[in-house]
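*Asks:* Have a look at this one before I ask anything.
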Amino acid sequence: MCKAQKPGSGLRRLRAFIMDTERPKRRRRYRGKNPRHFSEKYKEHAPERYTADFDKVIAGGRTPAGTHRPIMVGDVVEVLQPRPGEFAVDCTLGYGGHAIALLSAIQPGGRLLGIDIDPAELPKTEARLRALGFGPGVFTAHRTNYAGLSKLLSEPADIVFADLGVSSMQMDNPARGFTYKYDGPLDLRMNPQRGQPASAFLKTIDESSLAELLVENADEPDADALARAILQTTVSTTTELAGVIRGAGRDEDSIRRVFQALRIAVNDEFGALDALLRNLPFCLKPGGRVAVLTFHSGEDRRVKKAFQSGERDGIYLEIAREVLRPDSDELRANPRSRSAKLRWARRNKGTLL
Ligand SMILES: C[S@@+](CC[C@H](N)C(=O)[O-])C[C@H]1O[C@@H](n2cnc3c(N)ncnc32)[C@H](O)[C@@H]1O
């Protein structure tokens, strides 16, 4: 016991902590009958306490605030063929939906390493999975960029999975700057501790480079005019940027594409994906399987090309002939699955050259 501590004070502190964490927090007041803002949806943020309300949101085809609904889980498990005792890596842990499905399929004896770049969400997901009974012997969480996967692994994996892009927790939280439905700082970083927010990035880029980026990252057809309009003013919030795009006579699709292009740029998403695809063969055991879920053409093109050239070079024994898409039930139940495409590959049994 330390010198300044009185006998029993540790116990008192523990009791005070328990009392404090047990005391229900006063919820924020909101206008109207139903909460509208992300932070006001207290029932959706606590699915374990408000099960019926949570289920009602899902039945309505929506994603409860602060959660993420995993996409094409059945297909992912089918193409990856997880078996008991295997070692799996989920490169994009997110809310943990795919990880839970894989973890369950590799028991008994299997282990899963869950990676995510997001310092705010990763600890919550780790705690959620621990509460579900996945102890440190079967599940490890690690905050890092999947670009460095080959350096992180001390042994190759049987399974590598990546579900690209952002989670609904990131997308829906105005404080993260991914949504233009509510006002928030124009940030768009998955790891706010690294790099620069999109508002600062826009101050460093010239008109022709921004136009190029809008084409390359989001196939924006009006890239030149939009780049000019955006750089004519200083934008620091999400709704300001949306307002500038609307003011230039463009629609919601253009707003969505501009946000996507900026998000890809500030997070160097293509750089990270290219690095992962390059290193994948070294991260997989002979006979190991990889599956990647993509959400736009720039991502899918890269995965398709990497798998095809890997097959030509004899690195992959077999790859997906056709891209897999969500079925009509999933599209109806979860509209956020609409642009998902799933590709997979199986590593050759031979060793790498
Ligand atoms: C679509 S979500 C994954 C959702 C997850 N499959 C689930 O079932 O909840 C994508 C996640 O990947 C993470 N991410 C994106 N790029 C990353 C990168 N380069 N390295 C590590 N994690 C990344 C994001 O922070 C986000 O949590």
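As shown in the structure tokens, the chain order sets the letters A, B, ...; within each chain, residues go from 1, and ligands are also counted from 1 in the order they appear.
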For ligand 1, collect every residue having any atom at a distance of at most 7 Å from a ligand atom (counting only C-alpha atoms and all ligand atoms); output as a PyMOL selection string.
*Replies:* chain A and resi 68-70+91-99+115-118+144-147+163-167+190+269+272-273
*Asks:* Once you have the residues from the selection above, write them out as a PDB file, in the first residue's frame, restricted to N, CA and C atoms.
*Replies:*
ATOM      1  N   HIS A  68     -22.873  -0.961 -36.695  1.00  0.00           N
ATOM      2  CA  HIS A  68     -22.636  -1.242 -38.113  1.00  0.00           C
ATOM      3  C   HIS A  68     -23.235  -2.600 -38.429  1.00  0.00           C
ATOM      4  N   ARG A  69     -23.965  -2.683 -39.536  1.00  0.00           N
ATOM      5  CA  ARG A  69     -24.551  -3.975 -39.916  1.00  0.00           C
ATOM      6  C   ARG A  69     -23.633  -4.651 -40.933  1.00  0.00           C
ATOM      7  N   PRO A  70     -23.082  -5.811 -40.594  1.00  0.00           N
ATOM      8  CA  PRO A  70     -22.138  -6.452 -41.511  1.00  0.00           C
ATOM      9  C   PRO A  70     -22.829  -6.886 -42.801  1.00  0.00           C
ATOM     10  N   CYS A  91      -8.881  -7.548 -41.372  1.00  0.00           N
ATOM     11  CA  CYS A  91      -8.105  -6.302 -41.535  1.00  0.00           C
ATOM     12  C   CYS A  91      -8.915  -5.062 -41.203  1.00  0.00           C
ATOM     13  N   THR A  92     -10.227  -5.194 -41.134  1.00  0.00           N
ATOM     14  CA  THR A  92     -11.108  -4.035 -40.950  1.00  0.00           C
ATOM     15  C   THR A  92     -12.181  -4.417 -39.920  1.00  0.00           C
ATOM     16  N   LEU A  93     -11.778  -4.460 -38.669  1.00  0.00           N
ATOM     17  CA  LEU A  93     -12.638  -5.011 -37.616  1.00  0.00           C
ATOM     18  C   LEU A  93     -13.974  -4.283 -37.482  1.00  0.00           C
ATOM     19  N   GLY A  94     -13.963  -2.950 -37.573  1.00  0.00           N
ATOM     20  CA  GLY A  94     -15.203  -2.160 -37.495  1.00  0.00           C
ATOM     21  C   GLY A  94     -15.987  -2.469 -36.232  1.00  0.00           C
ATOM     22  N   TYR A  95     -17.254  -2.870 -36.377  1.00  0.00           N
ATOM     23  CA  TYR A  95     -18.121  -3.188 -35.242  1.00  0.00           C
ATOM     24  C   TYR A  95     -17.959  -4.661 -34.837  1.00  0.00           C
ATOM     25  N   GLY A  96     -17.265  -5.415 -35.684  1.00  0.00           N
ATOM     26  CA  GLY A  96     -16.949  -6.799 -35.332  1.00  0.00           C
ATOM     27  C   GLY A  96     -17.908  -7.843 -35.886  1.00  0.00           C
ATOM     28  N   GLY A  97     -18.832  -7.454 -36.755  1.00  0.00           N
ATOM     29  CA  GLY A  97     -19.830  -8.403 -37.269  1.00  0.00           C
ATOM     30  C   GLY A  97     -19.217  -9.581 -38.020  1.00  0.00           C
ATOM     31  N   HIS A  98     -18.328  -9.288 -38.986  1.00  0.00           N
ATOM     32  CA  HIS A  98     -17.691 -10.383 -39.725  1.00  0.00           C
ATOM     33  C   HIS A  98     -16.753 -11.169 -38.810  1.00  0.00           C
ATOM     34  N   ALA A  99     -16.070 -10.436 -37.928  1.00  0.00           N
ATOM     35  CA  ALA A  99     -15.122 -11.101 -37.021  1.00  0.00           C
ATOM     36  C   ALA A  99     -15.843 -12.130 -36.154  1.00  0.00           C
ATOM     37  N   ILE A 115      -7.873  -6.061 -36.891  1.00  0.00           N
ATOM     38  CA  ILE A 115      -7.123  -4.815 -37.067  1.00  0.00           C
ATOM     39  C   ILE A 115      -8.088  -3.693 -37.402  1.00  0.00           C
ATOM     40  N   ASP A 116      -7.821  -2.520 -36.884  1.00  0.00           N
ATOM     41  CA  ASP A 116      -8.553  -1.340 -37.346  1.00  0.00           C
ATOM     42  C   ASP A 116      -7.699  -0.113 -37.068  1.00  0.00           C
ATOM     43  N   ILE A 117      -7.917   0.893 -37.908  1.00  0.00           N
ATOM     44  CA  ILE A 117      -7.111   2.110 -37.811  1.00  0.00           C
ATOM     45  C   ILE A 117      -7.768   3.140 -36.887  1.00  0.00           C
ATOM     46  N   ASP A 118      -9.019   2.875 -36.504  1.00  0.00           N
ATOM     47  CA  ASP A 118      -9.821   3.873 -35.794  1.00  0.00           C
ATOM     48  C   ASP A 118      -9.597   3.807 -34.275  1.00  0.00           C
ATOM     49  N   THR A 144      -3.855  -0.541 -36.130  1.00  0.00           N
ATOM     50  CA  THR A 144      -2.818  -0.237 -37.113  1.00  0.00           C
ATOM     51  C   THR A 144      -3.449  -0.131 -38.487  1.00  0.00           C
ATOM     52  N   ASN A 145      -2.641   0.281 -39.458  1.00  0.00           N
ATOM     53  CA  ASN A 145      -3.086   0.365 -40.845  1.00  0.00           C
ATOM     54  C   ASN A 145      -2.831  -0.989 -41.494  1.00  0.00           C
ATOM     55  N   TYR A 146      -3.820  -1.533 -42.194  1.00  0.00           N
ATOM     56  CA  TYR A 146      -3.609  -2.865 -42.786  1.00  0.00           C
ATOM     57  C   TYR A 146      -2.545  -2.844 -43.874  1.00  0.00           C
ATOM     58  N   ALA A 147      -2.105  -1.645 -44.294  1.00  0.00           N
ATOM     59  CA  ALA A 147      -1.018  -1.556 -45.283  1.00  0.00           C
ATOM     60  C   ALA A 147       0.221  -2.277 -44.750  1.00  0.00           C
ATOM     61  N   ASP A 163     -12.998  -5.564 -45.386  1.00  0.00           N
ATOM     62  CA  ASP A 163     -14.302  -4.981 -45.724  1.00  0.00           C
ATOM     63  C   ASP A 163     -14.020  -3.476 -45.814  1.00  0.00           C
ATOM     64  N   LEU A 164     -13.776  -3.008 -47.057  1.00  0.00           N
ATOM     65  CA  LEU A 164     -13.160  -1.689 -47.230  1.00  0.00           C
ATOM     66  C   LEU A 164     -14.097  -0.522 -46.895  1.00  0.00           C
ATOM     67  N   GLY A 165     -13.479   0.642 -46.779  1.00  0.00           N
ATOM     68  CA  GLY A 165     -14.250   1.874 -46.584  1.00  0.00           C
ATOM     69  C   GLY A 165     -14.512   2.178 -45.124  1.00  0.00           C
ATOM     70  N   VAL A 166     -15.601   2.914 -44.893  1.00  0.00           N
ATOM     71  CA  VAL A 166     -15.890   3.371 -43.528  1.00  0.00           C
ATOM     72  C   VAL A 166     -17.021   2.574 -42.893  1.00  0.00           C
ATOM     73  N   SER A 167     -17.038   2.579 -41.568  1.00  0.00           N
ATOM     74  CA  SER A 167     -18.122   1.915 -40.843  1.00  0.00           C
ATOM     75  C   SER A 167     -19.279   2.897 -40.683  1.00  0.00           C
ATOM     76  N   MET A 190     -10.247   8.498 -40.749  1.00  0.00           N
ATOM     77  CA  MET A 190     -10.601   7.325 -39.936  1.00  0.00           C
ATOM     78  C   MET A 190      -9.732   7.286 -38.686  1.00  0.00           C
ATOM     79  N   GLU A 269      -6.508   5.929 -49.040  1.00  0.00           N
ATOM     80  CA  GLU A 269      -7.134   4.600 -49.076  1.00  0.00           C
ATOM     81  C   GLU A 269      -6.571   3.724 -50.196  1.00  0.00           C
ATOM     82  N   ALA A 272      -3.117   2.400 -49.227  1.00  0.00           N
ATOM     83  CA  ALA A 272      -3.188   1.314 -48.239  1.00  0.00           C
ATOM     84  C   ALA A 272      -3.669   0.021 -48.903  1.00  0.00           C
ATOM     85  N   LEU A 273      -4.675   0.139 -49.788  1.00  0.00           N
ATOM     86  CA  LEU A 273      -5.208  -1.061 -50.445  1.00  0.00           C
ATOM     87  C   LEU A 273      -4.146  -1.681 -51.362  1.00  0.00           C
TER      88      LEU A 273
END
*Asks:* Within 10 Å of segment 204-212 of chain A, which residues of segment 247-344 of chain A show up? Give each one with its shortest atom-to-atom distance in Å (one decimal) and the two atoms involved, counting only C-alpha atoms, rows by chain then rising residue number, as a Markdown table.
*Replies:*
| residue | atom | partner | partner_atom | distance |
| --- | --- | --- | --- | --- |
| A:Val258 | CA | A:Leu210 | CA | 9.9 |
| A:Ala261 | CA | A:Leu210 | CA | 9.3 |
| A:Leu262 | CA | A:Leu210 | CA | 9.1 |
*Asks:* Save the residues we just selected, N, CA and C atoms, as a tab-separated table (two decimals), in the first residue's frame?
*Replies:*
chain	number	residue	atom	x	y	z
A	258	VAL	N	-18.05	13.93	-54.10
A	258	VAL	CA	-16.99	14.81	-53.59
A	258	VAL	C	-16.52	14.33	-52.21
A	261	ALA	N	-14.41	11.24	-52.67
A	261	ALA	CA	-13.08	11.53	-53.23
A	261	ALA	C	-12.15	12.12	-52.16
A	262	LEU	N	-12.69	13.03	-51.34
A	262	LEU	CA	-11.86	13.64	-50.29
A	262	LEU	C	-11.49	12.63	-49.22
*Asks:* Near Leu324 of chain A, counting only C-alpha atoms, which residues have an atom at most 9 Å away, once you skip same-chain residues fewer than 2 positions from it, shown as a CSV table (one decimal) with C-alpha atoms, in the first residue's frame?
*Replies:*
chain,number,residue,atom,x,y,z
A,75,ASP,CA,-21.2,-15.2,-48.6
A,320,ALA,CA,-13.5,-15.6,-58.1
A,322,GLU,CA,-17.6,-13.5,-61.1
A,326,PRO,CA,-25.8,-8.9,-52.0
A,340,ALA,CA,-21.0,-4.0,-52.2
A,341,LYS,CA,-18.9,-6.4,-54.3
A,342,LEU,CA,-17.2,-9.5,-53.0
A,343,ARG,CA,-14.1,-11.1,-54.5
*Asks:* Using backbone DSSP assignments, extract all alpha helix (DSSP H) residues from segment 218-271 of chain A; output them as a ChimeraX atom specification.
*Replies:* /A:218,223-231,238-247,252-266,269-271
*Asks:* Do a neighbour search on segment 225-235 of chain A at 12 Å with only C-alpha atoms, toss out local chain neighbours closer than 4 positions, and write the hits as a ChimeraX atom specification.
*Replies:* /A:183-187,197-215,220-221,239-251,254-255,257-259,261-262
